[in-house]
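Read the structure below first, then the notes.
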Amino acid sequence: MSKNDTVDRVRGPELELSTSIGKDDSALVIGLISASSPDAEGADDAAEPTLAIGDGILDDAQAAAITAALTALGATGSHGEVTRTAAPETLPVDVVVAVGLGDADNLDDADQVRQAAGIVARELDGLESVATTLSAVDLIAAAEGLFLGAYRFDEFRSEKSRPKKTPPQHITLLVESKSKEARAALERAIAVADSVAIARDFVNTPPSHLYPEEFAARARTLGSKAGLKVEILDDTQLAAQGYGGIIGVGKGSSRLPRLVRLSHTAKKSTKKVALVGKGITFDTGGISIKPAANMDAMTSDMGGAAAVIAATILAARLDIDVSVTATVPMAENMPSSTAQRPGDVLTQYGGRTVEVLNTDAEGRLILADAIVRACEDDPDYLIDTATLTGAQMVALGTRTPGVMGTDEFRDRVAARSADVGENAWAMPLPAELRADLKSRVADLANVTPHRWGGMLAAGIFLKEFVPEDVQWAHIDIAGPAFNTGGPWGYTTKGGTGVPVRTIAAVLEDIAANG
């Protein structure tokens with residue numbers, strides 16, 4: 001399989017606006033508001049669930065027939081419940097598929113709509129073209145949820161195991177008017193969802209096919225296509241320029257490291273944002289080798305790099321008026337005769353020395369190099385993100401990122417993350433943990449001598465490399481970047497694309513408010 005097969009592939013269904021159901025649509029997808037909602041129009045103790053549809057899509061007889069059929073089948077409108085029924089003969093589709101939106105109050109929460117759209121998208125396999133009224137509830141949330149819920153990564157399956165039924169290739173979003181505002185909203189939603197899917201593709205591509213050199217090449221292809229300025233440093237350049245962290249981590253592998261720089265320039269704004277993402281294309285732990293069980297999930301250890309590459313591409317696609325530069329270190333952490341050892345001392349880019357007590361705490365070593373390089377550009381803000389610590393999952397579970405950094409910007413990032421449904425949670429950087437990073441022989445050690453507050457200690461390590469005048473946020477996505485369980489909402493199994501939407505929301509916030 002060539003690089004272009006995966007870089008240029010179609011990552012989701014074609015989405016378009018229409019004021020009526022198309023002749024090629026075989027199903028109508030509608031939202032169903034819970035009958036128990038006191039705010040549902042016409043609801044009472046014995047009420048039926050309410051259809052969430054815009055004006056002019058269905059006539060009263062059609063709406064009544066669909067409601068009666070769904071009620072007879074036991075549909076309640078509870079969030080995520082999916083019910084199918086035959087369509088009335090007067091509709092130009094064969095089937096109606098209803099997805100529960102929950103209580104009417106849920107309609108104010110875009111992520112509830114986005115999740116419902118993602119859930120129903122997974123129930124539409126085998127239907128080539130469908131129409132939906134979910135767009136009448138929240139056009140952007142519906143479009144993003146349907147696109148991401150329909151996402152599949154079958155690039156490495158042969159015809160023998162490739163699913164026979166595929167998600168819809170075309171989805172018609174029904175609206176009252178194809179206004180300029182509606183067209184702009186859909187264009188934005190497609191850009192966001194496709195960028196999340198780019199990050200998912202990177203994470204889902206196996207390490208046999210995505211190693212530092214190839215990762216950098218794909219970043220160049222996608223970045224150049226989006227109009228970004230792209231710079232790549234190879235291992236020789238990294239060594240010559242003193243990137244000791246990246247070289248130290250990557251020297252144990254025959255597939256040598258890279259550093260990628262992608263830049264989007266604002267048209268008017270003078271604000272500059274630096275993005276840094278951990279790009280460990282596979283992590284064995286190095287000499288401090290990980291247990292064999294579940295090591296295959298370490299194909300996701302470049303989830304932070306995937307997210308910042310995709311977010312920078314998205315900044316260009318949305319033409320966000322803030323200058324963004326992503327600095328992305330890429331390496332493979334392997335055990336070999338050339339690998340760094342526990343007890344080695346390396347010199348990070350910028351001159352700081354670090355005693356490597358644990359080679360499995362490698363992400364912070366490559367991030368430190370990249371952070372120092374990124375801050376040479378004098379950014380106003382710095383966001384770094386990484387699948388950094390198992391302690392993140394211990395503290396917050398597998399769906400909630402932890403965000404640390406300078407207090408004001410940390411809280412701003414957490415707030416924007418909540419807005420888009422990625423729900424990063426603000427965490428502290430306790431000053432007392434800094435003493436535990438003292439080294440016997442170097443400026444600092446890469447780990448503490450205990451297991452307490454591991455996520456926070458990693459943040460404190462990174463803080464050492466961030467200038468005091470830079471507003472900084474570090475997002476730990478060790479769990480949220482990779483879904484090892486079953487699909488939920490618009491999140492499919494494997495790469496999730498977190499925190500692309502958080503970063504994009506923060507960039508737009510900075511563009512709007514400084």
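Residue numbering restarts at 1 in every chain; chains get A, B, ... in the order shown in the structure tokens, and ligands count up from 1 in that same order.
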
Exercise for review: Check the DSSP output for the backbone and give back, as JSON, numbers by chain, the residues of segment 244-352 of chain A in strand (DSSP E).
Suggested key: {"A": [258, 259, 260, 261, 262, 263, 264, 272, 273, 274, 275, 276, 277, 279, 280, 281, 282, 283, 323, 324, 325, 326, 327, 328, 329, 330, 331, 332, 333, 344, 345, 346, 347]}

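Near Ala457 of chain A, within a cut-off of 7 Å and counting only C-alpha atoms, sit the residues Leu433, Gly453 and Phe461 of chain A, with same-chain residues fewer than 4 positions away left out.
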
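Taking atom CA of Ile289 of chain A and atom CA of Met334 of chain A as the two end points, the separation is 8.5 Å.
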
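When only C-alpha atoms are used to measure the gap to Met404 of chain A, the shortest distance among A:Pro449, A:Asn358, A:Ala458, A:Arg261 belongs to A:Ala458.
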
Check your understanding: Where in segment 117-334 of chain A does DSSP assign helix (DSSP H, G or I), given as a ChimeraX atom specification?
Key -> /A:117-121,134-136,139-149,180-204,212-225,235-240,244-250,295-300,303-317

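The residue set within 12 Å of Ala65 of chain A, counting only C-alpha atoms and dropping same-chain residues fewer than 5 places from it, reads Leu51, Leu58, Asp59, Asp60, Leu70, Thr71, Ala72, Thr85, Ala86, Ala87, Pro88, Glu89, Thr90, Leu91 and Val96 of chain A.
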
Include C-alpha atoms and write out the residues we just selected as a PDB file, in the first residue's frame.
```pdb
ATOM      1  CA  LEU A  51     -39.948  14.122  16.371  1.00  0.00           C
ATOM      2  CA  LEU A  58     -42.699  16.327   6.747  1.00  0.00           C
ATOM      3  CA  ASP A  59     -46.394  17.096   6.556  1.00  0.00           C
ATOM      4  CA  ASP A  60     -48.619  16.501   9.581  1.00  0.00           C
ATOM      5  CA  LEU A  70     -42.128   4.385  16.549  1.00  0.00           C
ATOM      6  CA  THR A  71     -44.321   4.430  19.651  1.00  0.00           C
ATOM      7  CA  ALA A  72     -45.761   1.033  18.711  1.00  0.00           C
ATOM      8  CA  THR A  85     -39.598   1.536  11.015  1.00  0.00           C
ATOM      9  CA  ALA A  86     -41.017   1.412   7.509  1.00  0.00           C
ATOM     10  CA  ALA A  87     -41.529   4.842   6.004  1.00  0.00           C
ATOM     11  CA  PRO A  88     -45.003   6.117   5.124  1.00  0.00           C
ATOM     12  CA  GLU A  89     -45.828   5.458   1.483  1.00  0.00           C
ATOM     13  CA  THR A  90     -45.894   9.181   0.789  1.00  0.00           C
ATOM     14  CA  LEU A  91     -42.192   9.556   1.653  1.00  0.00           C
ATOM     15  CA  VAL A  96     -37.116   5.788   8.848  1.00  0.00           C
TER      16      VAL A  96
END
```

Exercise for review: Could you give me, as number ranges by chain, the residues within 10 Å of segment 161-175 of chain A, counting only C-alpha atoms and dropping anything in the same chain fewer than 2 positions from it?
Suggested key: A: 10, 12-22, 24-25, 27-29, 53-57, 121-137, 139, 142-143, 146-147, 149-152, 154-159, 177-179, 182, 186

Keeping C-alpha atoms, export the residues of the selection given above as an mmCIF file, in the first residue's frame.
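Wrote result.cif, looks like this:
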```cif
data_model
loop_
_atom_site.group_PDB
_atom_site.id
_atom_site.type_symbol
_atom_site.label_atom_id
_atom_site.label_comp_id
_atom_site.auth_asym_id
_atom_site.auth_seq_id
_atom_site.Cartn_x
_atom_site.Cartn_y
_atom_site.Cartn_z
ATOM 1 C CA VAL A 10 -11.845 9.546 1.488
ATOM 2 C CA GLY A 12 -15.989 10.110 5.594
ATOM 3 C CA PRO A 13 -19.274 10.464 3.708
ATOM 4 C CA GLU A 14 -20.075 13.276 1.308
ATOM 5 C CA LEU A 15 -22.315 15.770 3.142
ATOM 6 C CA GLU A 16 -24.587 18.230 1.380
ATOM 7 C CA LEU A 17 -27.463 20.555 2.207
ATOM 8 C CA SER A 18 -30.956 20.216 0.776
ATOM 9 C CA THR A 19 -34.434 21.473 1.481
ATOM 10 C CA SER A 20 -35.976 18.141 0.490
ATOM 11 C CA ILE A 21 -35.276 14.421 0.560
ATOM 12 C CA GLY A 22 -33.315 13.314 -2.527
ATOM 13 C CA ASP A 24 -31.512 8.555 -4.308
ATOM 14 C CA ASP A 25 -31.957 8.609 -0.516
ATOM 15 C CA ALA A 27 -33.599 6.229 4.477
ATOM 16 C CA LEU A 28 -34.627 9.210 6.572
ATOM 17 C CA VAL A 29 -32.770 9.677 9.852
ATOM 18 C CA ILE A 53 -37.723 18.012 12.576
ATOM 19 C CA GLY A 54 -37.604 21.357 10.859
ATOM 20 C CA ASP A 55 -40.492 23.079 9.183
ATOM 21 C CA GLY A 56 -41.497 21.851 5.748
ATOM 22 C CA ILE A 57 -39.703 18.495 5.804
ATOM 23 C CA ALA A 121 -24.245 6.702 11.756
ATOM 24 C CA ARG A 122 -22.938 3.298 12.845
ATOM 25 C CA GLU A 123 -26.417 1.817 12.321
ATOM 26 C CA LEU A 124 -26.615 2.853 8.672
ATOM 27 C CA ASP A 125 -24.177 0.383 7.112
ATOM 28 C CA GLY A 126 -25.498 -0.914 3.812
ATOM 29 C CA LEU A 127 -27.441 2.261 3.026
ATOM 30 C CA GLU A 128 -25.594 4.154 0.317
ATOM 31 C CA SER A 129 -27.421 7.474 0.612
ATOM 32 C CA VAL A 130 -29.573 8.831 3.440
ATOM 33 C CA ALA A 131 -31.233 12.099 4.449
ATOM 34 C CA THR A 132 -31.523 13.448 7.984
ATOM 35 C CA THR A 133 -33.433 16.037 9.981
ATOM 36 C CA LEU A 134 -30.806 16.062 12.736
ATOM 37 C CA SER A 135 -29.485 19.137 10.937
ATOM 38 C CA ALA A 136 -32.633 20.976 12.032
ATOM 39 C CA VAL A 137 -31.535 20.494 15.647
ATOM 40 C CA LEU A 139 -26.358 21.536 11.808
ATOM 41 C CA ALA A 142 -25.077 16.682 13.339
ATOM 42 C CA ALA A 143 -22.618 16.943 10.451
ATOM 43 C CA LEU A 146 -22.419 11.721 11.273
ATOM 44 C CA PHE A 147 -19.031 12.102 9.571
ATOM 45 C CA GLY A 149 -19.525 8.082 13.441
ATOM 46 C CA ALA A 150 -19.296 6.792 9.865
ATOM 47 C CA TYR A 151 -15.477 6.808 9.954
ATOM 48 C CA ARG A 152 -13.873 3.453 9.184
ATOM 49 C CA ASP A 154 -10.159 -0.693 6.585
ATOM 50 C CA GLU A 155 -7.027 0.185 4.624
ATOM 51 C CA PHE A 156 -5.161 -2.960 5.637
ATOM 52 C CA ARG A 157 -8.003 -5.438 5.217
ATOM 53 C CA SER A 158 -8.175 -7.705 2.197
ATOM 54 C CA GLU A 159 -11.470 -8.435 0.497
ATOM 55 C CA SER A 177 -32.978 27.161 3.561
ATOM 56 C CA LYS A 178 -29.604 26.642 1.902
ATOM 57 C CA SER A 179 -28.507 30.014 3.205
ATOM 58 C CA ALA A 182 -25.870 27.204 6.522
ATOM 59 C CA LEU A 186 -21.452 22.842 6.886
#
```

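Distance annotation: of A:Val328, A:Val7, A:Ala184, A:Val413, the residue with the minimal separation from Trp425 of chain A is A:Val413; atom set is only C-alpha atoms.
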
Check your understanding: Which of these residues is nearest to Arg317 of chain A, using only C-alpha atoms: A:Thr299, A:Gln340, A:Thr265, A:Asn483?
Key -> A:Thr265

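Proximity of A:Val260, A:Arg220, A:Ser336, A:Val500 to Gln237 of chain A, computed with only C-alpha atoms, is greatest for A:Val260.
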
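Minimum distance to Arg412 of chain A across A:Asp201, A:Glu176, A:Asp319, A:Asp509 (counting only C-alpha atoms) occurs at A:Asp509.
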
Check your understanding: Which neighbours of segment 381-384 of chain A fall inside 6 Å, counting only C-alpha atoms, when residues of the same chain fewer than 4 positions from it are skipped, and could you give them as a PyMOL selection string?
Key -> chain A and resi 273-277+470-474

Exercise for review: Identify, on the basis of only C-alpha atoms, every residue whose closest approach to Ile246 of chain A does not exceed 12 Å; exclude the query and any residue fewer than 2 positions from it along the same chain; express the result as an MDAnalysis selection string.
Suggested key: chainID A and resid 212 233:239 241:244 248:253 256:260 278:280 328:333 340 346:349 362:371

How about saving the chosen residues, N, CA and C atoms kept, as a short mmCIF file (atom, residue, chain, number, x, y, z; two decimals), in the first residue's frame?
```
data_model
loop_
_atom_site.label_atom_id
_atom_site.label_comp_id
_atom_site.auth_asym_id
_atom_site.auth_seq_id
_atom_site.Cartn_x
_atom_site.Cartn_y
_atom_site.Cartn_z
N PRO A 212 9.16 7.10 11.77
CA PRO A 212 9.48 8.53 11.71
C PRO A 212 9.64 9.11 10.30
N LEU A 233 13.73 18.09 9.65
CA LEU A 233 15.12 17.81 10.01
C LEU A 233 15.30 16.31 10.14
N ASP A 234 16.33 15.76 9.47
CA ASP A 234 16.60 14.33 9.60
C ASP A 234 17.55 14.08 10.77
N ASP A 235 17.92 12.82 10.97
CA ASP A 235 18.72 12.47 12.14
C ASP A 235 20.09 13.14 12.14
N THR A 236 20.68 13.30 10.97
CA THR A 236 21.99 13.94 10.90
C THR A 236 21.88 15.41 11.33
N GLN A 237 20.87 16.10 10.84
CA GLN A 237 20.66 17.50 11.21
C GLN A 237 20.32 17.63 12.69
N LEU A 238 19.52 16.71 13.20
CA LEU A 238 19.15 16.74 14.62
C LEU A 238 20.39 16.60 15.50
N ALA A 239 21.25 15.67 15.14
CA ALA A 239 22.48 15.46 15.92
C ALA A 239 23.38 16.69 15.84
N GLN A 241 22.58 19.75 15.36
CA GLN A 241 22.01 20.93 15.99
C GLN A 241 21.74 20.73 17.49
N GLY A 242 22.07 19.57 18.02
CA GLY A 242 22.01 19.38 19.46
C GLY A 242 20.69 18.95 20.03
N TYR A 243 19.89 18.23 19.24
CA TYR A 243 18.60 17.73 19.75
C TYR A 243 18.84 16.41 20.49
N GLY A 244 19.44 16.52 21.66
CA GLY A 244 19.86 15.33 22.38
C GLY A 244 18.73 14.43 22.85
N GLY A 248 18.56 10.78 21.53
CA GLY A 248 18.72 9.78 22.58
C GLY A 248 17.63 8.73 22.56
N VAL A 249 16.39 9.16 22.37
CA VAL A 249 15.27 8.22 22.32
C VAL A 249 15.31 7.40 21.04
N GLY A 250 15.63 8.06 19.92
CA GLY A 250 15.52 7.39 18.63
C GLY A 250 16.68 6.52 18.23
N LYS A 251 17.81 6.61 18.95
CA LYS A 251 19.01 5.91 18.48
C LYS A 251 18.96 4.40 18.68
N GLY A 252 17.98 3.92 19.43
CA GLY A 252 17.86 2.47 19.61
C GLY A 252 17.17 1.78 18.45
N SER A 253 16.63 2.55 17.50
CA SER A 253 15.89 1.98 16.38
C SER A 253 16.67 2.13 15.09
N LEU A 256 15.32 5.93 11.99
CA LEU A 256 15.87 7.06 12.72
C LEU A 256 14.90 8.23 12.82
N PRO A 257 15.12 9.11 13.80
CA PRO A 257 14.13 10.14 14.14
C PRO A 257 14.08 11.29 13.14
N ARG A 258 13.03 12.09 13.30
CA ARG A 258 12.80 13.28 12.49
C ARG A 258 12.21 14.37 13.37
N LEU A 259 12.31 15.61 12.91
CA LEU A 259 11.59 16.73 13.51
C LEU A 259 10.89 17.46 12.38
N VAL A 260 9.57 17.61 12.50
CA VAL A 260 8.77 18.27 11.47
C VAL A 260 8.26 19.60 12.00
N LYS A 278 3.82 14.88 20.83
CA LYS A 278 4.70 13.70 20.96
C LYS A 278 4.47 12.73 19.81
N GLY A 279 5.54 12.40 19.10
CA GLY A 279 5.43 11.52 17.94
C GLY A 279 6.25 10.26 18.07
N ILE A 280 6.01 9.48 19.10
CA ILE A 280 6.68 8.18 19.24
C ILE A 280 5.87 7.16 18.42
N VAL A 328 7.08 19.08 15.71
CA VAL A 328 6.66 17.70 15.97
C VAL A 328 7.86 16.75 15.95
N PRO A 329 8.32 16.31 17.13
CA PRO A 329 9.41 15.34 17.18
C PRO A 329 8.89 13.93 16.95
N MET A 330 9.63 13.16 16.14
CA MET A 330 9.19 11.81 15.79
C MET A 330 10.34 10.83 16.02
N ALA A 331 10.07 9.77 16.74
CA ALA A 331 11.09 8.76 17.01
C ALA A 331 10.41 7.43 17.32
N GLU A 332 11.18 6.36 17.23
CA GLU A 332 10.71 5.04 17.62
C GLU A 332 11.57 4.59 18.80
N ASN A 333 10.92 4.18 19.89
CA ASN A 333 11.65 3.83 21.12
C ASN A 333 11.83 2.32 21.19
N GLN A 340 19.70 4.03 24.32
CA GLN A 340 20.14 4.66 25.56
C GLN A 340 19.80 3.77 26.75
N LEU A 346 21.79 12.77 28.96
CA LEU A 346 21.76 13.39 27.63
C LEU A 346 21.63 14.91 27.78
N THR A 347 22.02 15.61 26.74
CA THR A 347 21.93 17.06 26.72
C THR A 347 20.80 17.45 25.77
N GLN A 348 19.77 18.05 26.36
CA GLN A 348 18.61 18.46 25.57
C GLN A 348 18.96 19.64 24.67
N TYR A 349 18.15 19.87 23.66
CA TYR A 349 18.31 21.06 22.84
C TYR A 349 18.20 22.28 23.74
N GLU A 362 10.13 8.40 27.86
CA GLU A 362 10.85 8.99 26.73
C GLU A 362 10.12 10.16 26.09
N GLY A 363 8.79 10.18 26.24
CA GLY A 363 8.03 11.23 25.57
C GLY A 363 8.44 12.62 26.01
N ARG A 364 8.67 12.78 27.30
CA ARG A 364 9.05 14.09 27.83
C ARG A 364 10.42 14.52 27.33
N LEU A 365 11.26 13.56 26.96
CA LEU A 365 12.60 13.89 26.45
C LEU A 365 12.52 14.51 25.05
N ILE A 366 11.69 13.92 24.19
CA ILE A 366 11.57 14.50 22.85
C ILE A 366 10.73 15.78 22.88
N LEU A 367 9.75 15.84 23.78
CA LEU A 367 8.95 17.05 23.90
C LEU A 367 9.79 18.23 24.39
N ALA A 368 10.71 17.96 25.31
CA ALA A 368 11.55 19.04 25.84
C ALA A 368 12.35 19.70 24.73
N ASP A 369 12.95 18.88 23.86
CA ASP A 369 13.67 19.44 22.71
C ASP A 369 12.76 20.31 21.86
N ALA A 370 11.59 19.77 21.56
CA ALA A 370 10.66 20.47 20.66
C ALA A 370 10.12 21.75 21.30
N ILE A 371 9.88 21.72 22.60
CA ILE A 371 9.38 22.91 23.30
C ILE A 371 10.40 24.04 23.24
#
```

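Summary of the local environment: counting only C-alpha atoms, residues at most 8 Å from Ser269 of chain A, other than itself and those fewer than 4 positions away along its chain, are Asp321, Val322, Ser323 and Ala511 of chain A.
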
Study note, to complete from the structure: re atom CA of Ala266 of chain A and atom CA of Gly227 of chain A: distance 12.3 Å

**Study point:** Atom-to-atom span, atom CA of Ile247 of chain A and atom CA of Asp283 of chain A, Å
**Key:** 14.8 Å

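If only C-alpha atoms are the atoms counted, then among A:Ser288, A:Glu144, A:Ala52, A:Val466 the closest residue to Arg373 of chain A is A:Val466.
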